[in-house]
$ cat upload_24.csv   # CSV, C-alpha atoms
chain,number,residue,atom,x,y,z
F,1,MET,CA,43.9,25.2,-52.3
F,2,GLY,CA,46.1,27.4,-50.0
F,3,ARG,CA,44.8,29.5,-47.1
F,4,MET,CA,43.6,33.0,-47.7
F,5,THR,CA,46.1,35.6,-46.7
F,6,ASP,CA,45.0,37.5,-43.5
F,7,ARG,CA,45.9,41.1,-42.6
F,8,ALA,CA,48.7,40.2,-40.3
F,9,THR,CA,50.5,38.1,-42.8
F,10,ALA,CA,50.1,40.7,-45.5
F,11,ARG,CA,51.3,43.4,-43.2
F,12,ALA,CA,54.6,41.6,-42.6
F,13,ALA,CA,55.1,41.2,-46.4
F,14,LYS,CA,54.2,44.9,-46.9
F,15,SER,CA,56.7,46.1,-44.4
F,16,ALA,CA,59.5,44.1,-46.1
F,17,LEU,CA,58.5,45.5,-49.5
F,18,ALA,CA,58.1,49.1,-48.2
F,19,THR,CA,61.7,48.9,-46.8
F,20,ARG,CA,63.0,47.5,-50.1
F,21,PHE,CA,61.4,50.3,-52.2
F,22,ALA,CA,61.9,53.2,-49.7
F,23,ALA,CA,64.5,54.9,-51.9
F,24,ASP,CA,62.9,54.0,-55.2
F,25,PRO,CA,61.6,57.2,-56.9
F,26,GLY,CA,59.3,55.1,-59.1
F,27,VAL,CA,57.4,53.7,-56.2
F,28,ALA,CA,54.8,56.1,-54.6
F,29,ALA,CA,53.5,54.0,-51.8
F,30,VAL,CA,53.0,50.4,-50.4
F,31,GLY,CA,49.9,49.4,-48.6
F,32,LEU,CA,47.4,46.6,-47.9
F,33,ALA,CA,44.4,46.0,-50.2
F,34,ARG,CA,41.9,43.3,-50.5
F,35,GLN,CA,41.3,41.2,-53.7
F,36,ASP,CA,39.2,38.1,-54.0
F,37,ALA,CA,38.4,38.2,-50.3
F,38,GLU,CA,42.1,38.0,-49.2
F,39,TYR,CA,44.6,40.6,-48.3
F,40,VAL,CA,47.3,41.5,-50.9
F,41,VAL,CA,50.2,44.0,-50.9
F,42,ARG,CA,49.4,46.9,-53.2
F,43,VAL,CA,52.3,48.9,-54.7
F,44,ASP,CA,51.4,52.3,-56.1
F,45,LEU,CA,53.8,53.4,-58.9
F,46,VAL,CA,54.8,56.9,-60.0
F,47,GLU,CA,55.4,55.4,-63.5
F,48,ALA,CA,54.6,52.1,-65.1
F,49,ALA,CA,58.3,51.3,-65.8
F,50,ALA,CA,58.9,50.8,-62.1
F,51,GLY,CA,56.5,47.9,-62.2
F,52,SER,CA,59.2,45.6,-63.6
F,53,ARG,CA,61.1,45.9,-60.3
F,54,VAL,CA,58.1,44.7,-58.2
F,55,PRO,CA,57.8,41.0,-57.5
F,56,HIS,CA,54.5,39.2,-57.9
F,57,HIS,CA,54.7,37.6,-54.5
F,58,VAL,CA,56.6,38.4,-51.2
F,59,ASP,CA,56.7,35.7,-48.6
F,60,GLY,CA,53.8,33.9,-50.2
F,61,VAL,CA,51.6,37.1,-50.3
F,62,ARG,CA,50.3,38.3,-53.6
F,63,VAL,CA,51.6,41.7,-54.8
F,64,VAL,CA,49.5,43.9,-57.2
F,65,THR,CA,50.4,47.3,-58.7
F,66,GLN,CA,48.7,50.4,-60.0
F,67,VAL,CA,50.1,53.6,-61.5
F,68,ILE,CA,49.0,56.7,-59.6
F,69,GLY,CA,51.6,59.3,-60.8
F,70,THR,CA,52.8,62.0,-58.4
F,71,VAL,CA,51.1,62.6,-55.1
F,72,ARG,CA,50.6,66.2,-54.1
F,73,PRO,CA,49.0,68.0,-51.2
F,74,LEU,CA,45.4,69.0,-52.1
E,1,MET,CA,-5.3,43.0,-66.0
E,2,LEU,CA,-3.4,43.0,-69.3
E,3,PRO,CA,-1.2,46.1,-69.9
E,4,ASP,CA,-3.2,47.3,-72.9
E,5,THR,CA,-6.4,47.1,-70.8
E,6,ALA,CA,-4.7,49.1,-68.1
E,7,ARG,CA,-3.5,51.7,-70.6
E,8,GLU,CA,-7.1,52.1,-71.9
E,9,LEU,CA,-8.4,52.4,-68.4
E,10,LYS,CA,-5.7,54.9,-67.5
E,11,ALA,CA,-6.4,57.0,-70.6
E,12,ARG,CA,-10.2,57.0,-69.8
E,13,LEU,CA,-9.6,58.0,-66.2
E,14,SER,CA,-7.1,60.6,-67.2
E,15,ARG,CA,-9.6,62.2,-69.7
E,16,ARG,CA,-12.3,62.3,-67.0
E,17,LEU,CA,-10.0,63.9,-64.5
E,18,SER,CA,-8.8,66.4,-67.0
E,19,ARG,CA,-12.4,67.6,-67.5
E,20,SER,CA,-12.7,68.2,-63.8
E,21,PRO,CA,-12.4,71.9,-62.8
E,22,GLY,CA,-8.7,72.8,-62.6
E,23,ALA,CA,-7.5,69.2,-63.0
E,24,THR,CA,-4.9,67.4,-65.1
E,25,ALA,CA,-4.1,63.8,-65.2
E,26,SER,CA,-0.7,64.2,-63.7
E,27,SER,CA,-1.2,67.1,-61.5
E,28,VAL,CA,-4.5,68.2,-60.1
E,29,GLY,CA,-3.5,71.1,-57.8
E,30,GLY,CA,-5.5,74.2,-57.3
E,31,ALA,CA,-9.0,72.7,-57.9
E,32,THR,CA,-11.5,73.0,-55.1
E,33,ARG,CA,-12.4,69.3,-55.1
E,34,TRP,CA,-8.9,68.0,-55.7
E,35,SER,CA,-5.5,68.0,-54.1
E,36,GLY,CA,-3.7,65.9,-56.8
E,37,VAL,CA,-3.5,62.5,-58.5
E,38,ALA,CA,-1.0,60.7,-60.7
E,39,LEU,CA,-1.7,57.6,-62.8
E,40,GLY,CA,0.5,54.8,-64.1
E,41,LEU,CA,0.9,51.1,-64.5
E,42,ALA,CA,2.2,48.8,-61.6
E,43,PRO,CA,3.5,45.4,-62.7
E,44,VAL,CA,2.2,42.5,-60.6
E,45,GLY,CA,3.3,39.5,-62.6
E,46,PRO,CA,4.2,38.3,-66.1
E,47,ASP,CA,2.1,40.4,-68.5
E,48,GLN,CA,-0.1,41.5,-65.7
E,49,VAL,CA,-0.4,45.0,-64.2
E,50,HIS,CA,-2.6,47.1,-61.9
E,51,LEU,CA,-3.6,50.6,-62.5
E,52,ALA,CA,-1.4,52.7,-60.2
E,53,ILE,CA,-3.2,55.7,-58.6
E,54,ARG,CA,-1.1,58.0,-56.5
E,55,LEU,CA,-2.8,60.6,-54.4
E,56,ILE,CA,-1.7,63.6,-52.4
E,57,ASP,CA,-4.6,63.4,-50.1
E,58,HIS,CA,-6.7,60.4,-49.0
E,59,ALA,CA,-9.9,62.5,-49.4
E,60,ASP,CA,-9.4,62.3,-53.2
E,61,ALA,CA,-9.7,58.5,-53.4
E,62,ASP,CA,-13.5,58.4,-53.5
E,63,VAL,CA,-13.7,60.9,-56.3
E,64,VAL,CA,-11.1,59.1,-58.4
E,65,LEU,CA,-12.5,55.6,-57.9
E,66,ARG,CA,-16.1,56.7,-58.5
E,67,GLY,CA,-15.6,56.4,-62.3
E,68,LEU,CA,-14.3,52.8,-62.2
E,69,ASP,CA,-16.5,49.7,-62.3
E,70,ASP,CA,-16.2,47.0,-59.7
E,71,ALA,CA,-14.0,44.7,-61.8
E,72,ALA,CA,-11.5,47.6,-62.4
E,73,ARG,CA,-11.5,48.5,-58.7
E,74,GLU,CA,-10.2,45.0,-58.0
E,75,GLU,CA,-7.1,45.8,-60.0
E,76,VAL,CA,-6.1,49.2,-58.9
E,77,ASP,CA,-3.2,50.0,-56.6
E,78,VAL,CA,-4.1,53.2,-54.7
E,79,ARG,CA,-1.6,54.9,-52.5
E,80,VAL,CA,-1.5,58.2,-50.7
E,81,ILE,CA,2.0,59.6,-51.3
E,82,GLY,CA,1.6,63.2,-50.2
E,83,ALA,CA,2.9,66.3,-52.1
E,84,VAL,CA,5.7,65.6,-54.6
E,85,ARG,CA,8.6,68.0,-54.7
E,86,PRO,CA,11.6,68.3,-57.0
E,87,LEU,CA,14.7,66.6,-55.7
E,88,SER,CA,17.8,68.7,-55.4
E,89,SER,CA,21.0,68.9,-53.4
E,90,PRO,CA,20.5,70.3,-50.0
E,91,THR,CA,21.3,73.9,-49.9
E,92,GLY,CA,24.7,74.8,-48.5
E,93,TRP,CA,26.8,71.8,-49.8
E,94,SER,CA,27.6,72.8,-53.3
E,95,PRO,CA,31.1,73.9,-54.0
E,96,ALA,CA,29.9,77.4,-54.7
E,97,ASP,CA,28.3,77.5,-51.2
E,98,LEU,CA,31.3,76.1,-49.5
E,99,GLN,CA,33.6,78.7,-51.1
E,100,ARG,CA,31.6,81.7,-49.8
E,101,ARG,CA,32.0,83.4,-46.5
E,102,VAL,CA,29.9,81.3,-44.2
E,103,ARG,CA,28.8,82.0,-40.6
E,104,PRO,CA,28.2,80.1,-38.5
E,105,LEU,CA,31.3,78.1,-39.4
E,106,ARG,CA,30.5,74.6,-40.4
E,107,PRO,CA,32.3,71.5,-41.9
E,108,GLY,CA,33.3,71.6,-45.5
E,109,ILE,CA,33.8,75.3,-46.0
E,110,SER,CA,36.9,77.1,-47.4
E,111,VAL,CA,39.5,78.1,-44.8
E,112,GLY,CA,43.2,78.9,-44.9
E,113,HIS,CA,46.2,80.8,-43.6
E,114,ARG,CA,46.8,84.1,-45.3
E,115,ASP,CA,49.7,82.7,-47.3
E,116,VAL,CA,47.9,79.6,-48.5
E,117,THR,CA,45.3,79.5,-51.4
E,118,ALA,CA,42.5,77.6,-49.6
E,119,GLY,CA,41.7,74.3,-48.0
E,120,THR,CA,38.7,72.8,-46.1
E,121,LEU,CA,37.4,73.1,-42.5
E,122,GLY,CA,37.2,69.4,-41.6
E,123,GLY,CA,35.5,69.5,-38.3
E,124,PHE,CA,35.6,70.7,-34.7
E,125,VAL,CA,37.7,69.4,-31.8
E,126,ARG,CA,38.7,70.5,-28.3
E,127,ARG,CA,41.6,69.8,-25.9
E,128,PRO,CA,40.6,67.5,-23.1
E,129,GLY,CA,39.1,69.4,-20.2
E,130,SER,CA,38.8,72.6,-22.3
E,131,ASP,CA,35.6,74.3,-23.5
E,132,GLN,CA,37.5,76.1,-26.2
E,133,LEU,CA,36.4,74.8,-29.7
E,134,LEU,CA,39.1,74.3,-32.3
E,135,VAL,CA,38.8,74.1,-36.0
E,136,LEU,CA,40.6,71.0,-37.5
E,137,SER,CA,42.4,71.1,-40.9
E,138,ASN,CA,45.8,70.4,-42.4
E,139,ASN,CA,49.2,71.9,-41.5
E,140,HIS,CA,49.5,72.9,-45.1
E,141,VAL,CA,46.2,74.7,-45.0
E,142,LEU,CA,46.3,76.5,-41.6
E,143,ALA,CA,50.0,76.6,-40.9
E,144,ASP,CA,51.4,77.0,-44.4
E,145,SER,CA,53.5,73.8,-44.2
E,146,ASP,CA,55.4,74.8,-41.1
E,147,ALA,CA,56.0,78.4,-42.3
E,148,ALA,CA,53.4,79.9,-40.0
E,149,THR,CA,53.6,80.9,-36.3
E,150,GLU,CA,51.1,80.1,-33.7
E,151,GLY,CA,48.7,83.0,-33.4
E,152,ASP,CA,48.6,83.7,-37.1
E,153,PRO,CA,45.1,84.6,-38.4
E,154,ALA,CA,42.9,81.8,-39.8
E,155,LEU,CA,40.6,83.0,-42.6
E,156,GLN,CA,37.2,81.9,-43.9
E,157,PRO,CA,37.0,81.8,-46.8
E,158,GLY,CA,40.6,81.2,-47.8
E,159,VAL,CA,42.5,83.7,-49.9
E,160,ALA,CA,41.7,81.8,-53.2
E,161,ASP,CA,38.0,82.4,-52.5
E,162,GLY,CA,38.4,86.1,-51.7
E,163,GLY,CA,39.3,85.8,-48.0
E,164,THR,CA,41.0,88.9,-46.5
E,165,ALA,CA,42.0,90.0,-43.0
E,166,ALA,CA,38.4,91.0,-42.5
E,167,ASP,CA,37.4,87.3,-42.8
E,168,ARG,CA,39.5,86.2,-39.8
E,169,PHE,CA,37.6,83.6,-37.6
E,170,GLY,CA,40.4,82.6,-35.3
E,171,ALA,CA,44.1,82.0,-34.9
E,172,LEU,CA,46.5,79.1,-35.5
E,173,ALA,CA,46.6,77.2,-32.2
E,174,GLY,CA,48.8,74.2,-32.9
E,175,PHE,CA,50.2,72.0,-35.7
E,176,VAL,CA,52.3,68.9,-36.2
E,177,ARG,CA,55.5,69.8,-38.0
E,178,LEU,CA,56.3,68.0,-41.3
E,179,ASP,CA,59.5,66.1,-41.0
E,180,GLN,CA,62.1,65.8,-43.8
E,181,ASP,CA,62.8,62.3,-42.7
E,182,PRO,CA,60.5,59.4,-43.5
E,183,GLY,CA,57.8,58.5,-41.0
E,184,ASN,CA,55.4,61.4,-41.0
E,185,LEU,CA,52.0,60.3,-39.8
E,186,VAL,CA,49.9,63.4,-40.1
E,187,ASP,CA,49.5,66.8,-41.9
E,188,ALA,CA,47.4,68.4,-39.3
E,189,ALA,CA,46.7,71.7,-37.5
E,190,VAL,CA,44.1,73.4,-35.4
E,191,ALA,CA,42.8,77.0,-35.1
E,192,ALA,CA,41.2,78.5,-32.0
E,193,LEU,CA,38.0,80.4,-32.6
E,194,ASP,CA,37.8,84.1,-31.9
E,195,GLY,CA,35.3,85.2,-29.3
E,196,GLY,CA,31.7,85.4,-30.7
E,197,VAL,CA,32.3,83.3,-33.8
E,198,ALA,CA,29.3,81.0,-34.2
E,199,VAL,CA,29.7,77.4,-35.3
E,200,ASP,CA,27.5,74.5,-36.4
E,201,PRO,CA,29.7,71.4,-35.8
E,202,THR,CA,27.1,68.8,-36.8
E,203,ALA,CA,26.2,70.2,-40.2
E,204,TYR,CA,27.4,67.3,-42.4
E,205,PRO,CA,25.4,65.9,-45.3
E,206,GLY,CA,22.9,63.4,-43.7
E,207,GLY,CA,23.3,64.8,-40.2
E,208,PRO,CA,25.9,64.6,-37.4
E,209,LEU,CA,28.8,62.2,-37.5
E,210,LEU,CA,29.3,59.6,-34.9
E,211,GLY,CA,30.9,60.9,-31.7
E,212,THR,CA,33.4,58.1,-31.6
E,213,VAL,CA,36.3,58.1,-34.1
E,214,ALA,CA,37.2,54.8,-35.8
E,215,ALA,CA,40.3,53.3,-34.5
E,216,ALA,CA,43.1,53.2,-37.0
E,217,ASP,CA,43.2,49.4,-37.1
E,218,ASP,CA,39.4,49.3,-37.5
E,219,VAL,CA,39.6,50.9,-40.9
E,220,ASP,CA,39.3,48.2,-43.6
E,221,PRO,CA,39.7,48.0,-47.4
E,222,ASP,CA,36.5,48.2,-49.4
E,223,GLU,CA,34.6,50.2,-46.8
E,224,LEU,CA,32.5,53.0,-48.4
E,225,VAL,CA,33.2,56.5,-47.3
E,226,GLU,CA,32.2,60.1,-47.8
E,227,LYS,CA,33.6,63.6,-47.4
E,228,LEU,CA,32.6,67.2,-47.7
E,229,GLY,CA,35.2,69.4,-49.2
E,230,ARG,CA,35.6,73.0,-50.5
E,231,THR,CA,36.3,72.1,-54.1
E,232,THR,CA,34.4,68.9,-55.0
E,233,GLY,CA,31.7,69.1,-52.3
E,234,HIS,CA,30.0,66.0,-51.0
E,235,THR,CA,31.6,62.9,-52.7
E,236,ARG,CA,31.5,59.2,-52.0
E,237,GLY,CA,34.4,56.7,-52.3
E,238,ARG,CA,35.8,53.4,-51.4
E,239,ILE,CA,38.8,52.6,-49.2
E,240,THR,CA,41.3,50.9,-51.6
E,241,ALA,CA,44.2,50.4,-49.3
E,242,VAL,CA,45.1,50.8,-45.6
E,243,GLU,CA,48.3,51.0,-43.6
E,244,VAL,CA,49.9,52.5,-46.6
E,245,ASP,CA,53.6,53.3,-46.0
E,246,GLY,CA,56.1,55.4,-47.8
E,247,VAL,CA,53.6,57.8,-49.4
E,248,GLY,CA,55.9,60.4,-50.9
E,249,VAL,CA,54.1,63.7,-51.2
E,250,GLN,CA,55.5,66.5,-53.3
E,251,TYR,CA,55.2,69.7,-51.2
E,252,ASP,CA,56.6,73.0,-52.3
E,253,ASP,CA,59.7,72.5,-50.2
E,254,GLY,CA,60.3,68.9,-51.3
E,255,VAL,CA,59.0,65.4,-50.7
E,256,HIS,CA,57.6,64.5,-47.3
E,257,THR,CA,57.0,60.8,-46.7
E,258,PHE,CA,54.0,59.5,-44.7
E,259,ASP,CA,53.4,56.1,-43.2
E,260,ASP,CA,50.2,54.3,-42.1
E,261,GLN,CA,47.9,56.2,-44.4
E,262,VAL,CA,44.5,55.4,-45.9
E,263,GLU,CA,44.0,55.3,-49.6
E,264,ILE,CA,40.6,56.1,-51.2
E,265,GLU,CA,39.2,56.2,-54.7
E,266,GLY,CA,36.0,57.9,-55.9
E,267,LEU,CA,33.0,55.8,-56.8
E,268,THR,CA,32.2,57.8,-59.9
E,269,GLY,CA,35.3,59.9,-60.6
E,270,ALA,CA,37.6,61.8,-58.4
E,271,PHE,CA,37.0,61.6,-54.7
E,272,SER,CA,38.8,64.9,-54.1
E,273,ALA,CA,40.7,67.7,-55.8
E,274,GLY,CA,43.0,70.6,-54.8
E,275,GLY,CA,41.3,72.6,-52.0
E,276,ASP,CA,39.6,69.6,-50.4
E,277,SER,CA,42.6,69.2,-48.0
E,278,GLY,CA,41.4,69.2,-44.5
E,279,SER,CA,38.1,67.4,-45.1
E,280,VAL,CA,37.1,64.8,-42.6
E,281,ILE,CA,36.2,61.5,-44.1
E,282,TRP,CA,33.6,59.3,-42.6
E,283,ARG,CA,32.4,55.7,-43.0
E,284,SER,CA,29.1,55.5,-44.8
E,285,ARG,CA,27.7,52.5,-42.9
E,286,ASP,CA,27.9,54.0,-39.4
E,287,ARG,CA,29.0,57.6,-40.0
E,288,ALA,CA,32.1,57.1,-37.9
E,289,PRO,CA,34.8,59.8,-38.7
E,290,LEU,CA,38.0,58.0,-39.8
E,291,GLY,CA,40.3,60.2,-41.8
E,292,LEU,CA,41.8,63.7,-42.5
E,293,LEU,CA,42.2,64.2,-46.3
E,294,PHE,CA,45.5,65.7,-47.2
E,295,ALA,CA,46.9,64.5,-50.5
E,296,GLY,CA,46.1,62.8,-53.8
E,297,SER,CA,47.1,62.0,-57.3
E,298,THR,CA,45.4,62.6,-60.7
E,299,GLU,CA,46.1,59.1,-62.0
E,300,GLY,CA,45.0,55.7,-60.8
E,301,GLY,CA,41.8,54.4,-59.2
E,302,SER,CA,39.2,52.2,-60.9
E,303,ALA,CA,37.3,55.1,-62.3
E,304,GLY,CA,40.5,56.9,-63.4
E,305,GLY,CA,40.0,59.9,-61.1
E,306,GLY,CA,43.1,59.4,-59.2
E,307,VAL,CA,43.5,58.3,-55.6
E,308,THR,CA,43.2,60.3,-52.3
E,309,PHE,CA,45.3,59.9,-49.2
E,310,ALA,CA,44.1,60.5,-45.7
E,311,ASN,CA,45.7,60.4,-42.2
E,312,PRO,CA,43.9,58.2,-39.8
E,313,LEU,CA,41.8,60.6,-37.8
E,314,ALA,CA,42.5,58.8,-34.5
E,315,THR,CA,46.3,59.4,-35.2
E,316,VAL,CA,45.6,63.1,-36.0
E,317,LEU,CA,43.7,63.7,-32.8
E,318,HIS,CA,46.4,61.9,-30.7
E,319,SER,CA,49.2,63.8,-32.4
E,320,LEU,CA,47.5,67.2,-31.8
E,321,GLY,CA,46.4,66.3,-28.2
E,322,VAL,CA,42.8,67.0,-29.0
E,323,GLU,CA,39.5,65.0,-29.0
E,324,TRP,CA,36.6,64.8,-31.4
E,325,LEU,CA,33.4,66.4,-30.1
E,326,LYS,CA,31.0,63.9,-28.6
E,327,ASP,CA,27.4,64.1,-29.8
E,328,SER,CA,26.3,66.0,-26.8
E,329,GLN,CA,29.2,68.5,-27.0
E,330,ALA,CA,28.6,69.1,-30.7
E,331,ALA,CA,24.9,69.8,-30.0
E,332,SER,CA,25.7,72.6,-27.6
E,333,PRO,CA,29.1,74.1,-28.6
E,334,ARG,CA,30.5,77.1,-26.8

$ encode --input "upload_24.csv" --output "structure tokens"
Amino acid sequence: MGRMTDRATARAAKSALATRFAADPGVAAVGLARQDAEYVVRVDLVEAAAGSRVPHHVDGVRVVTQVIGTVRPL
Amino acid sequence: MLPDTARELKARLSRRLSRSPGATASSVGGATRWSGVALGLAPVGPDQVHLAIRLIDHADADVVLRGLDDAAREEVDVRVIGAVRPLSSPTGWSPADLQRRVRPLRPGISVGHRDVTAGTLGGFVRRPGSDQLLVLSNNHVLADSDAATEGDPALQPGVADGGTAADRFGALAGFVRLDQDPGNLVDAAVAALDGGVAVDPTAYPGGPLLGTVAAADDVDPDELVEKLGRTTGHTRGRITAVEVDGVGVQYDDGVHTFDDQVEIEGLTGAFSAGGDSGSVIWRSRDRAPLGLLFAGSTEGGSAGGGVTFANPLATVLHSLGVEWLKDSQAASPR
């Protein structure tokens, strides 16, 4: 069984993914979340179709997605 | 005793009490001899219960127990619980209350620039070394997303809640501009209070917040949080993501992108809605203030109520050059 991903490791993967998707209008945000007691990279999508462009892992760190639509000031 | 035995005993005692002057089995107020009693069954083991007797006043115990034989007295659970009152939300924290004109000013109420619908007064801050209190909210609430000029009036309530020039409480005193390039960190502004405007900086649900703001890197996923906002009132949520980059927010003049944000979802629906912008978010376990609510979506989140985004409050304060009121300062504001 592999080591649990810590925050620093996930942060590096997140930065790489955020750069990759910076100009992608289908991606709303990229952050760090926790699942099953380890850190993962969470990609928020504007639309579900953009999920096909998101890898399941980056540098060994798990990547998960959710659709949140458009973000507006409240 | 067996539950059926306890039910019979409860019914017998209830009948006796109901025959007492002014008494009923569930509420015995108003009688000269009674202050009140409630009866029920208290489980103590498999198929075993005690007769539960709850009293408003200890003085009633003798009168209630007088009708029980010695064997029954061994199996009663008598407690004095005082007067029972209906539970309701504390006054002042419903959305209707928060959207009214409110003085003294307090967290959670409607505020805004004259050209903005309405947002939320998040809390009170001050510049280091200054006694002047400042109201904290968003740029897009108090500074009309960069369109305002320092010195513009700040209204409470906001225009959407009927605010007019007569509802001025202060003036725009500073804001962080929204950059068209990626890398915004905060949507934040402060307004200085006019002379004589009273404030109540500690009036959050549950009491004052901690005087120390959570460091940005001390904000973790899965922490439970709360906020008080003009539209949805007091809500509870969970941090779902931290250090969130590339948050593209659709403002009226285009998309502004924010880095290093905090993402939150409501525990039982939406954590926030339009008009809650500017709310300060605090951590439930220690009441440490940690975020300034500014944006959100209507989709996503476990409960389907959308997700909310907040600037780390420590970054907000640093960007504006202000500090959160310490407990002692908040208790005696000027």

$ residues_around --input "upload_24.csv" --residues "region 12-22 of chain F" --least-positions-apart "3" --cutoff "10 Å" --atoms "all atoms listed in the file" --output "ChimeraX atom specification"
/F:7-9,25-32,40-43,53-55,57-63 /E:182,243-248,257,259

$ closest_residue --input "upload_24.csv" --among "F:Val71, F:Val46, F:Met4, F:Ala23" --to "chain E" --atoms "all atoms listed in the file"
F:Val71

$ interface_residues --input "upload_24.csv" --of "chain E" --to "chain F" --cutoff "8 Å" --atoms "all atoms listed in the file" --output "NGL selection string"
:E and (119 or 140 or 221-222 or 240-251 or 273-277 or 294-301 or 306-307)

$ write_last_selection --input "upload_24.csv" --atoms "C-alpha atoms" --output "PDB file, keeping the file's coordinate frame"
ATOM      1  CA  GLY E 119      41.700  74.300 -48.000  1.00  0.00           C
ATOM      2  CA  HIS E 140      49.500  72.900 -45.100  1.00  0.00           C
ATOM      3  CA  PRO E 221      39.700  48.000 -47.400  1.00  0.00           C
ATOM      4  CA  ASP E 222      36.500  48.200 -49.400  1.00  0.00           C
ATOM      5  CA  THR E 240      41.300  50.900 -51.600  1.00  0.00           C
ATOM      6  CA  ALA E 241      44.200  50.400 -49.300  1.00  0.00           C
ATOM      7  CA  VAL E 242      45.100  50.800 -45.600  1.00  0.00           C
ATOM      8  CA  GLU E 243      48.300  51.000 -43.600  1.00  0.00           C
ATOM      9  CA  VAL E 244      49.900  52.500 -46.600  1.00  0.00           C
ATOM     10  CA  ASP E 245      53.600  53.300 -46.000  1.00  0.00           C
ATOM     11  CA  GLY E 246      56.100  55.400 -47.800  1.00  0.00           C
ATOM     12  CA  VAL E 247      53.600  57.800 -49.400  1.00  0.00           C
ATOM     13  CA  GLY E 248      55.900  60.400 -50.900  1.00  0.00           C
ATOM     14  CA  VAL E 249      54.100  63.700 -51.200  1.00  0.00           C
ATOM     15  CA  GLN E 250      55.500  66.500 -53.300  1.00  0.00           C
ATOM     16  CA  TYR E 251      55.200  69.700 -51.200  1.00  0.00           C
ATOM     17  CA  ALA E 273      40.700  67.700 -55.800  1.00  0.00           C
ATOM     18  CA  GLY E 274      43.000  70.600 -54.800  1.00  0.00           C
ATOM     19  CA  GLY E 275      41.300  72.600 -52.000  1.00  0.00           C
ATOM     20  CA  ASP E 276      39.600  69.600 -50.400  1.00  0.00           C
ATOM     21  CA  SER E 277      42.600  69.200 -48.000  1.00  0.00           C
ATOM     22  CA  PHE E 294      45.500  65.700 -47.200  1.00  0.00           C
ATOM     23  CA  ALA E 295      46.900  64.500 -50.500  1.00  0.00           C
ATOM     24  CA  GLY E 296      46.100  62.800 -53.800  1.00  0.00           C
ATOM     25  CA  SER E 297      47.100  62.000 -57.300  1.00  0.00           C
ATOM     26  CA  THR E 298      45.400  62.600 -60.700  1.00  0.00           C
ATOM     27  CA  GLU E 299      46.100  59.100 -62.000  1.00  0.00           C
ATOM     28  CA  GLY E 300      45.000  55.700 -60.800  1.00  0.00           C
ATOM     29  CA  GLY E 301      41.800  54.400 -59.200  1.00  0.00           C
ATOM     30  CA  GLY E 306      43.100  59.400 -59.200  1.00  0.00           C
ATOM     31  CA  VAL E 307      43.500  58.300 -55.600  1.00  0.00           C
TER      32      VAL E 307
END

$ atom_distance --input "upload_24.csv" --atom1 "CA of Ser319 (chain E)" --atom2 "CA of Arg168 (chain E)"
25.5 Å

$ residues_around --input "upload_24.csv" --residues "region 145-158 of chain E" --least-positions-apart "3" --cutoff "6 Å" --atoms "all atoms listed in the file" --output "list of chain:residue names"
E:Arg101, E:Ser110, E:Val111, E:Gly112, E:His113, E:Ala118, E:Asn139, E:His140, E:Asp161, E:Gly163, E:Asp167, E:Arg168, E:Phe169, E:Gly170, E:Ala171, E:Leu172, E:Ala173, E:Arg177

$ write_last_selection --input "upload_24.csv" --atoms "C-alpha atoms" --output "PDB file, in the coordinates of the input"
ATOM      1  CA  ARG E 101      32.000  83.400 -46.500  1.00  0.00           C
ATOM      2  CA  SER E 110      36.900  77.100 -47.400  1.00  0.00           C
ATOM      3  CA  VAL E 111      39.500  78.100 -44.800  1.00  0.00           C
ATOM      4  CA  GLY E 112      43.200  78.900 -44.900  1.00  0.00           C
ATOM      5  CA  HIS E 113      46.200  80.800 -43.600  1.00  0.00           C
ATOM      6  CA  ALA E 118      42.500  77.600 -49.600  1.00  0.00           C
ATOM      7  CA  ASN E 139      49.200  71.900 -41.500  1.00  0.00           C
ATOM      8  CA  HIS E 140      49.500  72.900 -45.100  1.00  0.00           C
ATOM      9  CA  ASP E 161      38.000  82.400 -52.500  1.00  0.00           C
ATOM     10  CA  GLY E 163      39.300  85.800 -48.000  1.00  0.00           C
ATOM     11  CA  ASP E 167      37.400  87.300 -42.800  1.00  0.00           C
ATOM     12  CA  ARG E 168      39.500  86.200 -39.800  1.00  0.00           C
ATOM     13  CA  PHE E 169      37.600  83.600 -37.600  1.00  0.00           C
ATOM     14  CA  GLY E 170      40.400  82.600 -35.300  1.00  0.00           C
ATOM     15  CA  ALA E 171      44.100  82.000 -34.900  1.00  0.00           C
ATOM     16  CA  LEU E 172      46.500  79.100 -35.500  1.00  0.00           C
ATOM     17  CA  ALA E 173      46.600  77.200 -32.200  1.00  0.00           C
ATOM     18  CA  ARG E 177      55.500  69.800 -38.000  1.00  0.00           C
TER      19      ARG E 177
END
